[in-house]
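Colleague: Pasting my_file_11.txt here (compact mmCIF, C-alpha atoms):
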```txt
# COMPACT_ATOMS: atom_id res chain seq x y z
CA MET A 140 131.69 52.72 216.10
CA LEU A 141 135.25 51.98 217.24
CA ASP A 142 135.85 53.46 220.69
CA GLU A 143 138.85 51.53 221.90
CA PRO A 144 141.25 49.49 219.71
CA LYS A 145 139.25 46.77 217.94
CA THR A 146 136.18 47.41 220.12
CA ARG A 147 132.94 47.77 218.11
CA ILE A 148 129.93 49.55 219.56
CA PRO A 149 126.56 49.26 217.74
CA LEU A 150 124.88 52.60 216.99
CA ASN A 151 121.28 53.54 216.23
CA ARG A 152 120.69 52.63 212.57
CA VAL A 153 118.12 55.44 212.19
CA THR A 154 120.26 58.33 213.46
CA HIS A 155 123.63 57.01 212.26
CA THR A 156 122.89 55.89 208.71
CA ILE A 157 124.33 57.38 205.52
CA ARG A 158 123.58 56.63 201.89
CA ALA A 159 125.93 54.51 199.78
CA ALA A 160 126.78 57.49 197.56
CA GLN A 161 127.72 59.54 200.64
CA ALA A 162 130.00 56.77 201.90
CA VAL A 163 131.91 56.95 198.61
CA LEU A 164 132.03 60.72 198.15
CA GLN A 165 131.75 63.38 200.88
CA TYR A 166 131.65 60.92 203.78
CA GLY A 167 134.35 58.51 202.64
CA VAL A 168 137.13 57.04 204.75
CA GLY A 169 138.74 59.76 206.84
CA ALA A 170 135.81 62.20 206.55
CA MET A 171 134.10 63.66 209.62
CA ILE A 172 130.32 63.29 209.84
CA ASP A 173 128.13 65.39 212.14
CA PHE A 174 125.55 63.02 213.58
CA PRO A 175 122.82 64.32 215.94
CA ASP A 176 124.75 63.60 219.15
CA GLN A 177 128.41 63.62 218.13
CA THR A 178 130.91 63.90 215.30
CA LEU A 179 132.45 60.68 213.98
CA MET A 180 135.03 59.85 211.32
CA THR A 181 134.54 57.04 208.82
CA ALA A 182 136.99 54.26 209.67
CA ALA A 183 139.19 52.37 207.22
CA PRO A 184 137.46 49.55 205.27
CA GLU A 185 139.39 46.87 207.17
CA TYR A 186 137.26 47.75 210.20
CA TRP A 187 133.95 47.54 208.33
CA ASP A 188 131.60 44.67 209.08
CA ASN A 189 130.61 41.82 206.74
CA LYS A 190 132.29 43.11 203.59
CA VAL A 191 131.08 41.53 200.37
CA VAL A 192 132.62 41.79 196.90
CA PHE A 193 130.61 44.36 195.00
CA ILE A 194 132.25 44.43 191.57
CA HIS A 195 135.31 43.06 189.81
CA ASP A 196 137.25 45.39 187.52
CA GLU A 197 140.76 44.16 186.81
CA ARG A 198 142.01 47.38 185.24
CA LEU A 199 140.75 49.59 188.07
CA GLU A 200 142.06 47.17 190.69
CA LYS A 201 145.49 47.34 189.08
CA ALA A 202 145.40 51.14 188.86
CA LEU A 203 144.47 51.52 192.52
CA GLN A 204 146.65 48.60 193.69
CA VAL A 205 143.81 46.74 195.40
CA THR A 206 142.57 43.17 195.09
CA LYS A 207 138.82 43.80 195.07
CA PHE A 208 136.02 46.32 195.50
CA GLY A 209 133.47 45.65 198.18
CA MET A 210 130.76 47.09 200.34
CA PRO A 211 129.48 46.26 203.82
CA GLY A 212 126.95 43.45 203.76
CA GLY A 213 125.53 44.23 207.20
CA LYS A 214 123.83 41.76 209.47
CA ASN A 215 123.36 40.89 213.13
CA GLU A 216 123.82 43.82 215.54
CA PHE A 217 125.66 45.98 212.97
CA PRO A 218 123.01 46.48 210.28
CA GLU A 219 124.90 49.00 208.19
CA GLY A 220 128.37 47.53 208.44
CA ILE A 221 130.32 50.82 208.18
CA SER A 222 132.53 51.59 211.17
CA TYR A 223 133.39 54.99 212.62
CA VAL A 224 135.90 56.36 215.12
CA ARG A 225 135.35 59.19 217.58
CA PHE A 226 137.06 62.23 216.14
CA PRO A 227 137.56 64.98 217.14
CA GLN A 228 138.26 63.74 220.66
CA TRP A 229 137.78 66.97 222.61
CA TYR A 230 134.31 67.81 224.02
CA PHE A 231 133.11 70.48 226.45
CA CYS A 232 130.07 70.82 228.68
CA PRO A 233 128.02 73.93 227.85
CA LYS A 234 127.06 74.35 231.52
CA CYS A 235 130.14 73.73 233.67
CA ARG A 236 132.45 74.49 230.69
CA ARG A 237 134.80 71.60 231.42
CA PHE A 238 136.84 70.73 228.34
CA GLN A 239 138.60 67.38 227.96
CA PRO A 240 139.08 64.38 225.60
CA ILE A 241 136.19 61.95 225.23
CA LYS A 242 138.22 59.24 226.98
CA GLN A 243 138.18 61.33 230.14
CA TRP A 244 134.42 61.88 229.83
CA VAL A 245 133.90 58.13 229.39
CA LYS A 246 136.12 57.42 232.41
CA GLU A 247 133.94 59.74 234.50
CA TYR A 248 130.81 58.13 233.08
CA ARG A 249 131.99 54.65 234.06
CA ARG A 250 132.78 55.88 237.55
CA LYS A 251 129.40 57.55 238.17
CA ALA A 252 126.88 55.62 236.04
CA THR A 253 124.68 52.95 237.57
CA ALA A 254 125.47 49.29 237.05
CA ARG A 255 122.34 48.96 234.91
CA ALA A 256 123.40 51.84 232.66
CA LEU A 257 126.88 50.38 232.27
CA SER A 258 125.53 46.96 231.35
CA TYR A 259 123.46 48.58 228.60
CA ASP A 260 126.07 51.09 227.42
CA GLY A 261 129.61 50.90 228.73
CA TYR A 262 131.05 53.49 226.34
CA MET A 263 128.63 56.43 226.63
CA LYS A 264 127.34 56.33 223.06
CA HIS A 265 125.50 59.59 223.72
CA PRO A 266 128.18 61.87 225.23
CA LYS A 267 126.97 63.84 228.24
CA CYS A 268 128.34 65.47 231.37
CA MET A 269 127.58 63.29 234.39
CA GLN A 270 127.88 66.32 236.67
CA CYS A 271 125.46 68.60 234.79
CA SER A 272 123.41 66.06 232.78
CA GLN A 273 124.10 68.20 229.70
CA ASP A 274 124.87 66.92 226.21
CA LEU A 275 128.53 67.46 225.39
CA VAL A 276 129.60 69.69 222.50
CA VAL A 277 132.44 68.63 220.22
CA THR A 278 135.22 71.08 219.41
CA ARG A 279 135.03 72.94 216.10
CA ILE A 280 138.78 73.18 215.48
CA VAL A 281 141.31 70.51 214.46
CA VAL A 282 144.77 70.57 212.89
CA ALA A 283 145.98 68.96 209.66
CA CYS A 284 149.23 68.90 207.68
CA ASN A 285 150.10 68.64 203.98
CA HIS A 286 150.90 64.93 204.35
CA GLY A 287 147.29 64.05 205.12
CA HIS A 288 147.61 63.74 208.89
CA ILE A 289 144.88 65.13 211.13
CA ASP A 290 144.57 65.45 214.89
CA ASP A 291 142.92 67.43 217.65
CA PHE A 292 143.96 71.03 218.14
CA PRO A 293 146.84 71.18 220.71
CA TRP A 294 144.69 72.74 223.43
CA VAL A 295 147.04 72.07 226.33
CA GLU A 296 150.10 73.38 224.48
CA TRP A 297 148.20 76.41 223.20
CA VAL A 298 146.84 77.66 226.52
CA HIS A 299 150.26 77.43 228.20
CA GLU A 300 152.30 78.83 225.30
CA LYS A 301 149.87 81.67 224.58
CA ASN A 302 149.05 82.47 228.21
CA LYS A 303 148.07 86.15 228.41
CA GLY A 304 150.42 86.73 231.34
CA GLY A 305 153.36 85.20 229.51
CA ARG A 306 154.38 81.69 228.49
CA LYS A 307 154.00 78.97 231.14
CA ASP A 308 155.43 75.48 231.26
CA ILE A 309 152.79 72.80 230.87
CA CYS A 310 151.60 71.89 234.35
CA LYS A 311 151.54 68.35 235.71
CA ASP A 312 147.78 67.81 235.55
CA PRO A 313 146.14 70.28 233.12
CA LYS A 314 142.38 70.66 233.59
CA LEU A 315 140.87 72.88 230.93
CA LYS A 316 137.70 74.92 230.65
CA PHE A 317 136.33 76.43 227.46
CA GLN A 318 134.74 79.86 227.73
CA THR A 319 132.79 81.73 225.06
CA GLY A 320 132.06 85.43 224.75
CA THR A 321 128.67 86.95 225.49
CA VAL A 322 128.30 88.26 221.93
CA SER A 323 128.71 86.30 218.74
CA SER A 324 130.68 89.13 217.10
CA ALA A 325 133.56 88.59 219.51
CA GLY A 326 135.05 86.05 217.11
CA LEU A 327 138.14 84.10 218.12
CA GLU A 328 139.00 86.71 220.74
CA GLY A 329 135.81 85.73 222.56
CA LEU A 330 136.81 82.06 222.72
CA GLU A 331 139.08 81.40 225.66
CA VAL A 332 140.70 78.30 227.12
CA ILE A 333 141.57 78.27 230.82
CA CYS A 334 143.68 75.80 232.77
CA ASP A 335 142.18 75.44 236.24
CA THR A 336 145.35 73.82 237.55
CA CYS A 337 147.86 76.63 236.89
CA ARG A 338 145.41 79.42 235.87
CA ALA A 339 146.95 79.82 232.41
CA HIS A 340 144.43 81.33 230.01
CA ALA A 341 144.52 82.23 226.33
CA SER A 342 142.06 83.17 223.63
CA LEU A 343 142.02 81.50 220.21
CA PHE A 344 142.93 84.78 218.52
CA GLY A 345 145.64 84.08 215.95
CA ALA A 346 145.07 80.31 215.78
CA PHE A 347 144.34 80.53 212.03
CA ASP A 348 146.81 83.31 211.21
CA LYS A 349 149.78 83.01 208.89
CA GLU A 350 152.54 85.57 209.34
CA GLU A 351 155.70 85.75 207.21
CA GLY A 352 155.06 82.26 205.87
CA ARG A 353 154.75 80.76 209.35
CA THR A 354 151.49 79.36 210.65
CA ALA A 355 150.33 79.67 214.24
CA MET A 356 151.30 76.02 214.79
CA GLU A 357 154.86 76.73 213.64
CA ARG A 358 155.10 79.59 216.11
CA LEU A 359 153.87 77.12 218.72
CA GLY A 360 156.85 74.93 217.89
CA SER A 361 158.93 76.55 220.62
CA SER A 362 157.09 74.32 223.08
CA GLY A 363 158.18 71.26 221.10
CA TYR A 364 154.90 70.85 219.22
CA ARG A 365 154.98 69.10 215.83
CA CYS A 366 152.57 67.12 213.67
CA THR A 367 151.64 63.89 215.41
CA GLY A 368 151.39 61.94 212.15
CA HIS A 369 147.94 60.73 213.18
CA HIS A 370 145.59 58.71 210.97
CA PRO A 371 142.47 58.48 213.19
CA TRP A 372 140.57 56.41 210.65
CA LYS A 373 143.19 53.65 211.06
CA GLY A 374 144.19 54.34 214.67
CA GLU A 375 147.81 54.72 213.62
CA HIS A 376 150.62 57.27 213.90
CA GLU A 377 153.65 57.73 211.68
CA ALA A 378 156.69 59.97 211.82
CA CYS A 379 156.11 63.48 210.48
CA THR A 380 158.24 66.62 210.73
CA GLU A 381 155.59 68.99 209.31
CA PHE A 382 153.86 71.75 211.23
CA PRO A 383 150.09 71.32 210.86
CA ARG A 384 147.68 74.21 210.51
CA ALA A 385 144.43 74.86 212.29
CA ILE A 386 141.23 74.31 210.29
CA GLN A 387 137.53 74.33 211.02
CA ARG A 388 136.11 70.85 211.54
CA GLY A 389 133.47 71.38 208.86
CA ALA A 390 135.67 73.25 206.39
CA SER A 391 135.60 72.12 202.77
CA SER A 392 139.40 71.86 202.88
CA ALA A 393 139.27 69.24 205.66
CA TYR A 394 138.52 66.38 203.28
CA PHE A 395 139.04 65.77 199.56
CA PRO A 396 137.80 62.44 198.18
CA LYS A 397 139.93 60.91 195.45
CA ILE A 398 137.58 59.94 192.63
CA VAL A 399 138.69 57.45 189.97
CA SER A 400 136.29 56.32 187.25
CA SER A 401 136.18 53.16 185.18
CA LEU A 402 133.79 51.75 182.59
CA VAL A 403 132.96 48.06 182.85
CA ILE A 404 130.00 46.29 181.22
CA PRO A 405 129.26 42.92 182.82
CA PRO A 406 128.76 40.16 181.95
CA TYR A 407 130.28 40.76 178.51
CA SER A 408 133.50 42.23 179.87
CA ASP A 409 133.90 39.15 182.09
CA ARG A 410 133.63 36.86 179.07
CA ILE A 411 136.20 38.90 177.17
CA ASN A 412 138.58 38.86 180.13
CA THR A 413 138.19 35.09 180.43
CA LYS A 414 138.97 34.57 176.74
CA ILE A 415 142.03 36.80 176.95
CA GLU A 416 143.30 35.08 180.09
CA GLN A 417 142.85 31.64 178.51
CA SER A 418 144.56 32.60 175.23
CA LYS A 419 148.22 31.79 174.57
CA ILE A 420 149.19 35.44 174.81
CA GLY A 421 147.25 35.86 178.04
CA ARG A 422 148.82 32.78 179.64
CA ALA A 423 152.28 33.97 178.60
CA HIS A 424 151.84 37.21 180.54
CA VAL A 425 150.33 35.79 183.72
```
Would you mind writing the file's structure down as structure tokens?
Modeller:
Amino acid sequence: MLDEPKTRIPLNRVTHTIRAAQAVLQYGVGAMIDFPDQTLMTAAPEYWDNKVVFIHDERLEKALQVTKFGMPGGKNEFPEGISYVRFPQWYFCPKCRRFQPIKQWVKEYRRKATARALSYDGYMKHPKCMQCSQDLVVTRIVVACNHGHIDDFPWVEWVHEKNKGGRKDICKDPKLKFQTGTVSSAGLEGLEVICDTCRAHASLFGAFDKEEGRTAMERLGSSGYRCTGHHPWKGEHEACTEFPRAIQRGASSAYFPKIVSSLVIPPYSDRINTKIEQSKIGRAHV
């Protein structure tokens, strides 16, 4: 798992293992996976460990503009080889209801954990609230745009823009809490975000709505909110002028693998390719 830039953290190979077919299809690069203790996103192949060439297919390589096809070899402390990033970033404690990015939870963990615990696990691989000793719960809502960017829901912007007493400017040090209704039928109206700093509070009602061709995120644009152009699986941002839309973390529309097929029959195809490459015509087109 990648927690900080280029920092690899070994995970339990029993609880955090996926099949090869899953890594290619529904859990490919950029897909979110619900593991027992947290949700992670499959990182880009350049962050995978011990990659080995799996197959050579010149036509498919040319079609996809790649130089090779590989798979993680896996050895040492990273037995599976596939890397993940923490996404979504926002977690809340089901007891004290505090709601903040995982980096803030880790910062608190490093401040309160014993020296022995930190020497064994400095990144809180199993997210928990140090104040309540409760397992943290990852948010169910993210935002994505038509250009393939995905990021956390703009919780801070939302609670201040949609404040029930009227719009508030974002305070200097927002500290959020996530409240849920007493009955499951309450829906989005029963989910409320509160800022303890300035007492702004807003429900999630309307977060998924689309009125007159404008999404809720476009209506949030008055506070200056736009798509962040985030690619979490690569840890990169790029310029984007789109307004994203809110989606459920586990929605089928959150991830679409691109599947390209090719038929290759080794070793006979390798022999044919070699003969073609060594022929006069082949050498003339190299």
Colleague: Wanna dump the stretch 213-249 of chain A-stretch 375-390 of chain A contacts at 12 Å for me, each residue with its shortest atom pair and the distance in Å to one decimal, counting only C-alpha atoms, ordered by chain and number, as JSON lines?
Modeller:
```
{"residue": "A:Phe226", "atom": "CA", "partner": "A:Arg388", "partner_atom": "CA", "distance": 9.8}
{"residue": "A:Pro227", "atom": "CA", "partner": "A:Arg388", "partner_atom": "CA", "distance": 8.2}
{"residue": "A:Gln228", "atom": "CA", "partner": "A:Arg388", "partner_atom": "CA", "distance": 11.8}
{"residue": "A:Trp229", "atom": "CA", "partner": "A:Arg388", "partner_atom": "CA", "distance": 11.8}
```
Colleague: Find the residues around A:Asp274 up to 12 Å (all atoms listed in the file counted), leave out those fewer than 2 positions away in its own chain, and share them as a list in words.
Modeller: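 Counting only the stated atoms, we get Pro175, Asp176, Gln177, Tyr230, Phe231, Cys232, Pro233, Lys234, Cys235, Arg236, Trp244, Met263, Lys264, His265, Pro266, Lys267, Cys268, Met269, Gln270, Cys271, Ser272, Val276 and Val277 of chain A.
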Colleague: Report, in Å to a single decimal, how far apart atom CA of A:Ala183 and atom CA of A:Tyr394 are.
Modeller: 14.6 Å
Colleague: When you count all atoms listed in the file, which of these residues is closest to A:Thr181: A:Leu275, A:Leu164, A:Ala202, A:Cys284?
Modeller: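 For A:Thr181, the nearest of the candidates is A:Leu164.
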Colleague: For A:Gly169, work out the shell of residues within 9 Å, counting all atoms listed in the file and skipping chain neighbours fewer than 2 positions away, then give it as a ChimeraX atom specification.
Modeller: /A:166-167,171,180-183,370-373,394
Colleague: Write the residues you've just listed into a file as an mmCIF file, in the coordinates of the input, and include C-alpha atoms for each of them.
Modeller:
```cif
data_model
loop_
_atom_site.group_PDB
_atom_site.id
_atom_site.type_symbol
_atom_site.label_atom_id
_atom_site.label_comp_id
_atom_site.auth_asym_id
_atom_site.auth_seq_id
_atom_site.Cartn_x
_atom_site.Cartn_y
_atom_site.Cartn_z
ATOM 1 C CA TYR A 166 131.650 60.920 203.780
ATOM 2 C CA GLY A 167 134.350 58.510 202.640
ATOM 3 C CA MET A 171 134.100 63.660 209.620
ATOM 4 C CA MET A 180 135.030 59.850 211.320
ATOM 5 C CA THR A 181 134.540 57.040 208.820
ATOM 6 C CA ALA A 182 136.990 54.260 209.670
ATOM 7 C CA ALA A 183 139.190 52.370 207.220
ATOM 8 C CA HIS A 370 145.590 58.710 210.970
ATOM 9 C CA PRO A 371 142.470 58.480 213.190
ATOM 10 C CA TRP A 372 140.570 56.410 210.650
ATOM 11 C CA LYS A 373 143.190 53.650 211.060
ATOM 12 C CA TYR A 394 138.520 66.380 203.280
#
```
Colleague: Report, in Å with one decimal, the straight-line distance from atom CA of A:Gln161 to atom CA of A:Thr367.
Modeller: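 Separating atom CA of A:Gln161 from atom CA of A:Thr367 is a distance of 28.4 Å.
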Colleague: So, counting all atoms listed in the file, which residue among A:Cys366, A:Asn412, A:Arg152, A:Pro396 is closest to A:His288?
Modeller: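 Once distances to A:His288 are computed over all atoms listed in the file, the minimum belongs to A:Cys366.
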Colleague: Suppose you want the space between atom CA of A:Ala355 and atom CA of A:Lys314; what is it in Å?
Modeller: 22.8 Å
Colleague: Go through stretch 203-304 of chain A and flag each residue having an atom no more than 7 Å from stretch 328-339 of chain A; for those, report the closest pair of atoms plus their distance in Å to one decimal, using all atoms listed in the file, ordered by chain and rising number, as a tab-separated table.
Modeller:
```
residue	atom	partner	partner_atom	distance
A:Val298	CA	A:Val332	CA	6.2
A:His299	CA	A:Ala339	CA	5.9
A:Asn302	CA	A:Ala339	CA	5.4
```
Colleague: Once you have the residues from the selection above, write them out as a short mmCIF file (atom, residue, chain, number, x, y, z; two decimals), in the coordinates of the input, restricted to C-alpha atoms.
Modeller:
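Output file selection-v8.cif is given in full below:
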```
data_model
loop_
_atom_site.label_atom_id
_atom_site.label_comp_id
_atom_site.auth_asym_id
_atom_site.auth_seq_id
_atom_site.Cartn_x
_atom_site.Cartn_y
_atom_site.Cartn_z
CA VAL A 298 146.84 77.66 226.52
CA HIS A 299 150.26 77.43 228.20
CA ASN A 302 149.05 82.47 228.21
#
```
Colleague: Out of A:Ser401, A:Val281, A:Val163, A:Glu350, which residue has the shortest atom-to-atom distance to A:Lys201 when counting all atoms listed in the file?
Modeller: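 The closest residue to A:Lys201 is A:Ser401.
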